[in-house]
>>> print(open('coords30.txt').read())   # compact mmCIF, C-alpha atoms
# COMPACT_ATOMS: atom_id res chain seq x y z
CA MET S 817 -6.97 14.23 3.66
CA PRO S 818 -9.35 11.44 2.89
CA ILE S 819 -7.50 8.20 2.28
CA VAL S 820 -8.77 6.91 -1.05
CA LEU S 821 -6.53 3.82 -1.25
CA VAL S 822 -4.02 1.93 0.85
CA ARG S 823 -1.94 -0.26 -1.45
CA ILE S 824 0.78 -2.81 -0.79
CA ASP S 825 3.13 -2.83 -3.75
CA ASP S 826 6.83 -3.63 -3.48
CA ARG S 827 7.54 -1.33 -6.46
CA LEU S 828 5.84 1.62 -4.73
CA VAL S 829 5.45 4.39 -7.37
CA HIS S 830 5.39 2.88 -10.89
CA GLY S 831 3.26 2.73 -14.04
CA GLN S 832 0.21 0.89 -12.65
CA VAL S 833 -0.01 3.39 -9.82
CA VAL S 834 0.63 6.50 -11.92
CA GLN S 835 -1.44 5.52 -14.98
CA GLY S 836 -4.11 3.34 -13.32
CA TRP S 837 -4.87 4.22 -9.73
CA ILE S 838 -4.04 7.94 -9.48
CA PRO S 839 -6.36 9.13 -12.28
CA GLN S 840 -9.09 6.62 -11.39
CA LEU S 841 -9.24 7.84 -7.77
CA ASP S 842 -8.34 11.48 -8.47
CA VAL S 843 -5.40 11.20 -6.05
CA GLU S 844 -3.78 14.49 -5.02
CA GLU S 845 -1.01 13.17 -2.76
CA VAL S 846 0.94 9.92 -2.47
CA LEU S 847 2.14 8.94 0.99
CA VAL S 848 4.83 6.24 0.91
CA ALA S 849 5.13 4.33 4.20
CA SER S 850 8.63 2.85 4.07
CA ALA S 851 11.60 3.38 6.38
CA SER S 852 14.04 2.15 3.71
CA ALA S 853 12.61 4.42 0.99
CA MET S 854 12.65 7.35 3.43
CA LYS S 855 16.43 6.96 3.80
CA ASP S 856 17.09 6.50 0.08
CA GLU S 857 17.43 9.91 -1.61
CA MET S 858 17.82 8.41 -5.09
CA ARG S 859 14.64 6.36 -4.72
CA LYS S 860 12.71 9.39 -3.45
CA THR S 861 13.95 11.42 -6.42
CA LEU S 862 12.88 8.69 -8.86
CA MET S 863 9.43 8.47 -7.27
CA ARG S 864 9.05 12.26 -7.46
CA LEU S 865 10.04 12.21 -11.14
CA SER S 866 7.55 9.39 -11.83
CA LEU S 867 4.61 11.37 -10.52
CA PRO S 868 2.85 14.21 -12.32
CA ASP S 869 3.97 17.60 -10.94
CA GLU S 870 0.56 18.33 -9.41
CA ILE S 871 0.62 15.18 -7.25
CA GLY S 872 2.22 15.65 -3.84
CA LEU S 873 4.66 13.09 -2.42
CA LYS S 874 5.56 12.32 1.19
CA VAL S 875 7.93 9.49 2.12
CA LEU S 876 7.85 8.60 5.81
CA ALA S 877 8.54 5.64 8.09
CA PRO S 878 5.32 3.67 8.79
CA ARG S 879 4.73 5.09 12.28
CA GLU S 880 5.20 8.67 11.08
CA ALA S 881 3.05 7.91 8.02
CA ALA S 882 0.27 6.72 10.36
CA LEU S 883 0.42 9.96 12.34
CA TYR S 884 0.50 12.04 9.15
CA ALA S 885 -2.50 10.17 7.71
CA LYS S 886 -4.42 10.45 10.99
CA ASP S 887 -3.66 14.19 11.34
CA ASN S 888 -4.68 14.92 7.75
CA ALA S 889 -7.69 12.58 7.41
CA ALA S 890 -10.23 15.40 7.68
CA GLY S 891 -8.65 17.61 5.02
CA GLY S 892 -9.86 17.98 1.48
CA ALA S 893 -7.05 16.45 -0.60
CA LYS S 894 -7.29 12.80 -1.62
CA ILE S 895 -4.37 10.68 -0.43
CA MET S 896 -3.11 7.29 -1.58
CA ILE S 897 -0.89 5.34 0.82
CA LEU S 898 1.71 3.02 -0.68
CA ALA S 899 3.64 0.48 1.37
CA PRO S 900 6.21 -2.05 0.13
CA GLY S 901 4.80 -4.88 2.25
CA PRO S 902 2.13 -5.85 4.77
CA ALA S 903 4.46 -5.34 7.76
CA GLU S 904 4.47 -1.58 7.09
CA VAL S 905 0.67 -1.48 6.89
CA ALA S 906 0.43 -3.44 10.16
CA GLN S 907 2.82 -0.94 11.78
CA MET S 908 0.64 1.92 10.57
CA LEU S 909 -2.47 0.32 12.10
CA GLU S 910 -0.62 -0.31 15.37
CA SER S 911 0.32 3.38 15.37
CA GLY S 912 -3.26 4.58 15.08
CA ALA S 913 -3.96 4.75 11.35
CA GLN S 914 -7.49 3.75 10.39
CA PHE S 915 -8.77 2.40 7.08
CA GLN S 916 -11.37 -0.12 5.95
CA SER S 917 -9.47 -1.92 3.21
CA VAL S 918 -6.01 -2.59 1.85
CA ASN S 919 -5.28 -3.30 -1.80
CA VAL S 920 -2.65 -6.02 -2.17
CA GLY S 921 -1.32 -5.13 -5.58
CA GLY S 922 2.20 -6.22 -6.34
CA MET S 923 4.21 -8.51 -4.12
CA HIS S 924 6.66 -10.11 -6.46
CA TYR S 925 8.64 -13.32 -6.26
CA SER S 926 11.73 -13.64 -4.14
CA VAL S 927 13.30 -16.64 -2.43
CA GLY S 928 11.03 -18.10 0.24
CA LYS S 929 7.79 -16.68 -1.16
CA THR S 930 4.89 -18.74 -2.47
CA GLN S 931 2.56 -17.61 -5.24
CA MET S 932 -0.95 -16.96 -3.95
CA GLY S 933 -2.39 -15.05 -6.88
CA LYS S 934 -1.58 -12.96 -9.90
CA ALA S 935 1.54 -10.96 -8.86
CA ILE S 936 1.01 -11.91 -5.19
CA PHE S 937 3.85 -13.93 -3.70
CA LEU S 938 3.88 -14.21 0.09
CA SER S 939 6.38 -15.28 2.72
CA SER S 940 5.22 -16.70 6.06
CA ASP S 941 5.94 -13.26 7.63
CA ASP S 942 3.78 -11.59 4.95
CA ILE S 943 0.94 -14.00 5.70
CA GLU S 944 1.16 -13.30 9.45
CA SER S 945 1.14 -9.54 8.83
CA LEU S 946 -1.85 -9.83 6.48
CA LYS S 947 -3.73 -11.92 9.05
CA SER S 948 -2.93 -9.28 11.68
CA ILE S 949 -4.31 -6.57 9.39
CA ALA S 950 -7.47 -8.60 8.71
CA ALA S 951 -7.93 -9.28 12.44
CA ARG S 952 -8.40 -5.51 12.86
CA GLY S 953 -11.43 -5.67 10.57
CA VAL S 954 -9.57 -4.43 7.50
CA ARG S 955 -10.62 -6.02 4.18
CA LEU S 956 -7.76 -7.37 2.04
CA GLU S 957 -8.43 -7.07 -1.68
CA GLY S 958 -6.14 -8.26 -4.43
CA ARG S 959 -6.09 -6.18 -7.63
CA GLY S 960 -3.29 -4.95 -9.87
CA VAL S 961 -5.24 -2.15 -11.54
CA PRO S 962 -8.75 -0.73 -11.00
CA ALA S 963 -10.19 -2.74 -13.94
CA ASP S 964 -9.08 -6.10 -12.47
CA ASP S 965 -11.61 -8.28 -10.65
CA MET S 966 -11.18 -8.04 -6.89
CA VAL S 967 -9.85 -11.14 -5.11
CA ASP S 968 -10.35 -11.70 -1.37
CA VAL S 969 -6.73 -12.13 -0.21
CA LEU S 970 -7.63 -13.51 3.24
CA GLU S 971 -9.80 -16.18 1.61
CA MET S 972 -6.94 -16.98 -0.78
CA ILE S 973 -4.56 -17.44 2.19
CA GLN S 974 -7.04 -19.59 4.09
CA ARG S 975 -7.56 -21.86 1.05
CA SER S 976 -3.82 -22.40 0.65
CA HIS S 977 -3.10 -23.18 4.31
>>> encode(input="coords30.txt", output="structure tokens")
Amino acid sequence: MPIVLVRIDDRLVHGQVVQGWIPQLDVEEVLVASASAMKDEMRKTLMRLSLPDEIGLKVLAPREAALYAKDNAAGGAKIMILAPGPAEVAQMLESGAQFQSVNVGGMHYSVGKTQMGKAIFLSSDDIESLKSIAARGVRLEGRGVPADDMVDVLEMIQRSH
């Protein structure tokens, strides 16, 4: 399946994804790369209920998600990958996944995080993971919804440090 978007969003499946990204990119399957979500039956059920019936949903740990994405990259269906944080995306890349860009969409405030942009709050671990992703030649773009202007997240990090 061609990967049409890799998105970091701590809320995973929610309104911006369902109403904004999925129709804009004609997504046919959502692949959630999260070990914690994979183990949480209630969360998986809520994500399934949030998606239109015709959109497929897979919830896998990052390494398994990387293998799934790699094995299905040549297929016809369009896949969106959602990860709750940059560490999961870095794990996917380390496990053989390949993509040109990552959308940093929603990383919300929690203790120890610093605001870097609109709805982008990063811890030092997040920053290191994002730098690791960028070091692999992957572009980091910040956008909440498709209509938002794109922000270069790596440039934003470099300016603040």
>>> atom_distance(input="coords30.txt", atom1="atom CA of S:Val920", atom2="atom CA of S:Gly958")
4.7 Å
>>> atom_distance(input="coords30.txt", atom1="atom CA of S:Leu938", atom2="atom CA of S:Ala881")
23.5 Å
>>> closest_residue(input="coords30.txt", among="S:Asp942, S:Asp825, S:Asp964, S:Glu904", to="S:Arg879", atoms="all atoms listed in the file")
S:Glu904
>>> closest_residue(input="coords30.txt", among="S:Gln974, S:Gln832, S:Ser850, S:Ser939", to="S:Gln907", atoms="only C-alpha atoms")
S:Ser850
>>> atom_distance(input="coords30.txt", atom1="atom CA of S:Ala882", atom2="atom CA of S:Ala849")
8.2 Å
>>> closest_atom_pairs(input="coords30.txt", of="stretch 862-971 of chain S", to="stretch 827-830 of chain S", cutoff="8 Å", atoms="only C-alpha atoms", output="CSV")
residue,atom,partner,partner_atom,distance
S:Met863,CA,S:Val829,CA,5.7
S:Ser866,CA,S:His830,CA,6.9
S:Leu867,CA,S:Val829,CA,7.7
S:Leu898,CA,S:Leu828,CA,6.0
S:Ala899,CA,S:Leu828,CA,6.6
S:Pro900,CA,S:Leu828,CA,6.1
S:Gly922,CA,S:Arg827,CA,7.2
>>> write_last_selection(input="coords30.txt", atoms="C-alpha atoms", output="compact mmCIF listing (two decimals), keeping the file's coordinate frame")
# COMPACT_ATOMS: atom_id res chain seq x y z
CA MET S 863 9.43 8.47 -7.27
CA SER S 866 7.55 9.39 -11.83
CA LEU S 867 4.61 11.37 -10.52
CA LEU S 898 1.71 3.02 -0.68
CA ALA S 899 3.64 0.48 1.37
CA PRO S 900 6.21 -2.05 0.13
CA GLY S 922 2.20 -6.22 -6.34
>>> closest_residue(input="coords30.txt", among="S:Pro818, S:Pro868, S:Gly933, S:Gly836", to="S:Val967", atoms="all atoms listed in the file")
S:Gly933
>>> residues_around(input="coords30.txt", residues="S:Gln916", least_positions_apart="2", cutoff="10 Å", atoms="all atoms listed in the file", output="JSON, numbers by chain")
{"S": [819, 821, 822, 914, 918, 950, 952, 953, 954, 955, 956]}
>>> residues_near_point(input="coords30.txt", point="(3.1, 5.4, 10.6)", cutoff="12 Å", atoms="all atoms listed in the file", output="number ranges by chain")
S: 847-851, 874-887, 897-899, 903-914
>>> residues_near_point(input="coords30.txt", point="(-4.1, 2.5, -7.3)", cutoff="9 Å", atoms="all atoms listed in the file", output="list in words")
Val820, Leu821, Val822, Arg823, Gln832, Val833, Val834, Gln835, Gly836, Trp837, Ile838, Pro839, Gln840, Leu841, Val843, Met896, Leu898, Asn919, Gly921, Arg959, Gly960, Val961 and Pro962 of chain S
>>> closest_residue(input="coords30.txt", among="S:Val969, S:Ile936, S:Ala853, S:Ala889", to="S:Ser917", atoms="only C-alpha atoms")
S:Val969
>>> decode(input="coords30.txt", residues="stretch 856-950 of chain S", atoms="C-alpha atoms", output="mmCIF file, in the first residue's frame")
data_model
loop_
_atom_site.group_PDB
_atom_site.id
_atom_site.type_symbol
_atom_site.label_atom_id
_atom_site.label_comp_id
_atom_site.auth_asym_id
_atom_site.auth_seq_id
_atom_site.Cartn_x
_atom_site.Cartn_y
_atom_site.Cartn_z
ATOM 1 C CA ASP S 856 -5.513 -1.383 24.885
ATOM 2 C CA GLU S 857 -8.707 -3.040 23.601
ATOM 3 C CA MET S 858 -10.914 -0.100 24.614
ATOM 4 C CA ARG S 859 -8.723 2.379 22.745
ATOM 5 C CA LYS S 860 -8.686 0.167 19.637
ATOM 6 C CA THR S 861 -12.480 -0.079 19.786
ATOM 7 C CA LEU S 862 -12.824 3.709 20.081
ATOM 8 C CA MET S 863 -10.478 4.256 17.140
ATOM 9 C CA ARG S 864 -12.437 1.747 15.041
ATOM 10 C CA LEU S 865 -15.699 3.512 15.923
ATOM 11 C CA SER S 866 -14.182 6.900 15.017
ATOM 12 C CA LEU S 867 -13.312 5.815 11.499
ATOM 13 C CA PRO S 868 -15.744 5.434 8.613
ATOM 14 C CA ASP S 869 -16.620 1.760 8.047
ATOM 15 C CA GLU S 870 -14.818 1.630 4.701
ATOM 16 C CA ILE S 871 -11.470 2.675 6.225
ATOM 17 C CA GLY S 872 -9.339 -0.219 7.445
ATOM 18 C CA LEU S 873 -7.541 -0.086 10.804
ATOM 19 C CA LYS S 874 -4.435 -1.922 11.972
ATOM 20 C CA VAL S 875 -2.878 -1.284 15.391
ATOM 21 C CA LEU S 876 0.622 -2.712 15.754
ATOM 22 C CA ALA S 877 3.794 -2.110 17.755
ATOM 23 C CA PRO S 878 6.231 0.133 15.821
ATOM 24 C CA ARG S 879 8.535 -2.669 14.663
ATOM 25 C CA GLU S 880 5.618 -4.774 13.407
ATOM 26 C CA ALA S 881 4.072 -1.666 11.835
ATOM 27 C CA ALA S 882 7.334 -1.082 9.941
ATOM 28 C CA LEU S 883 7.294 -4.633 8.580
ATOM 29 C CA TYR S 884 3.604 -4.359 7.677
ATOM 30 C CA ALA S 885 4.176 -1.042 5.867
ATOM 31 C CA LYS S 886 7.231 -2.397 4.060
ATOM 32 C CA ASP S 887 5.438 -5.610 3.004
ATOM 33 C CA ASN S 888 2.400 -3.709 1.734
ATOM 34 C CA ALA S 889 4.102 -0.675 0.151
ATOM 35 C CA ALA S 890 3.593 -1.927 -3.403
ATOM 36 C CA GLY S 891 -0.139 -2.614 -3.039
ATOM 37 C CA GLY S 892 -2.899 -0.407 -4.312
ATOM 38 C CA ALA S 893 -4.592 0.837 -1.127
ATOM 39 C CA LYS S 894 -3.524 4.178 0.346
ATOM 40 C CA ILE S 895 -2.267 3.938 3.923
ATOM 41 C CA MET S 896 -1.841 6.591 6.606
ATOM 42 C CA ILE S 897 0.516 5.811 9.486
ATOM 43 C CA LEU S 898 -0.245 7.384 12.859
ATOM 44 C CA ALA S 899 2.204 7.332 15.757
ATOM 45 C CA PRO S 900 1.763 8.919 19.195
ATOM 46 C CA GLY S 901 5.314 10.301 19.269
ATOM 47 C CA PRO S 902 8.591 10.577 17.367
ATOM 48 C CA ALA S 903 10.155 7.616 19.216
ATOM 49 C CA GLU S 904 7.711 5.252 17.482
ATOM 50 C CA VAL S 905 8.515 6.728 14.071
ATOM 51 C CA ALA S 906 12.249 6.383 14.784
ATOM 52 C CA GLN S 907 11.675 2.731 15.754
ATOM 53 C CA MET S 908 9.834 2.157 12.486
ATOM 54 C CA LEU S 909 12.728 3.620 10.479
ATOM 55 C CA GLU S 910 15.237 1.515 12.439
ATOM 56 C CA SER S 911 13.115 -1.530 11.558
ATOM 57 C CA GLY S 912 13.243 -0.894 7.826
ATOM 58 C CA ALA S 913 10.285 1.383 7.107
ATOM 59 C CA GLN S 914 10.944 3.993 4.437
ATOM 60 C CA PHE S 915 9.255 7.341 3.902
ATOM 61 C CA GLN S 916 10.299 10.813 2.756
ATOM 62 C CA SER S 917 8.437 12.969 5.257
ATOM 63 C CA VAL S 918 6.733 12.936 8.629
ATOM 64 C CA ASN S 919 3.895 15.257 9.580
ATOM 65 C CA VAL S 920 4.259 16.467 13.169
ATOM 66 C CA GLY S 921 0.653 17.265 13.911
ATOM 67 C CA GLY S 922 -0.362 17.165 17.531
ATOM 68 C CA MET S 923 2.075 16.810 20.388
ATOM 69 C CA HIS S 924 0.296 18.391 23.288
ATOM 70 C CA TYR S 925 1.552 19.873 26.526
ATOM 71 C CA SER S 926 2.620 17.726 29.433
ATOM 72 C CA VAL S 927 5.117 18.351 32.219
ATOM 73 C CA GLY S 928 8.652 18.742 30.903
ATOM 74 C CA LYS S 929 7.655 19.724 27.363
ATOM 75 C CA THR S 930 8.396 23.071 25.735
ATOM 76 C CA GLN S 931 6.183 24.703 23.134
ATOM 77 C CA MET S 932 7.854 24.815 19.728
ATOM 78 C CA GLY S 933 4.878 25.642 17.551
ATOM 79 C CA LYS S 934 1.127 25.534 17.282
ATOM 80 C CA ALA S 935 0.136 22.312 19.127
ATOM 81 C CA ILE S 936 3.761 21.104 19.117
ATOM 82 C CA PHE S 937 5.243 20.654 22.583
ATOM 83 C CA LEU S 938 8.484 18.685 22.764
ATOM 84 C CA SER S 939 10.516 17.019 25.489
ATOM 85 C CA SER S 940 14.281 16.584 25.132
ATOM 86 C CA ASP S 941 13.645 12.912 24.190
ATOM 87 C CA ASP S 942 11.182 14.035 21.493
ATOM 88 C CA ILE S 943 13.777 16.430 20.094
ATOM 89 C CA GLU S 944 16.441 13.705 19.984
ATOM 90 C CA SER S 945 14.049 11.319 18.227
ATOM 91 C CA LEU S 946 13.070 14.002 15.695
ATOM 92 C CA LYS S 947 16.740 14.766 15.009
ATOM 93 C CA SER S 948 17.349 11.034 14.518
ATOM 94 C CA ILE S 949 14.471 10.887 12.023
ATOM 95 C CA ALA S 950 15.784 13.948 10.151
#
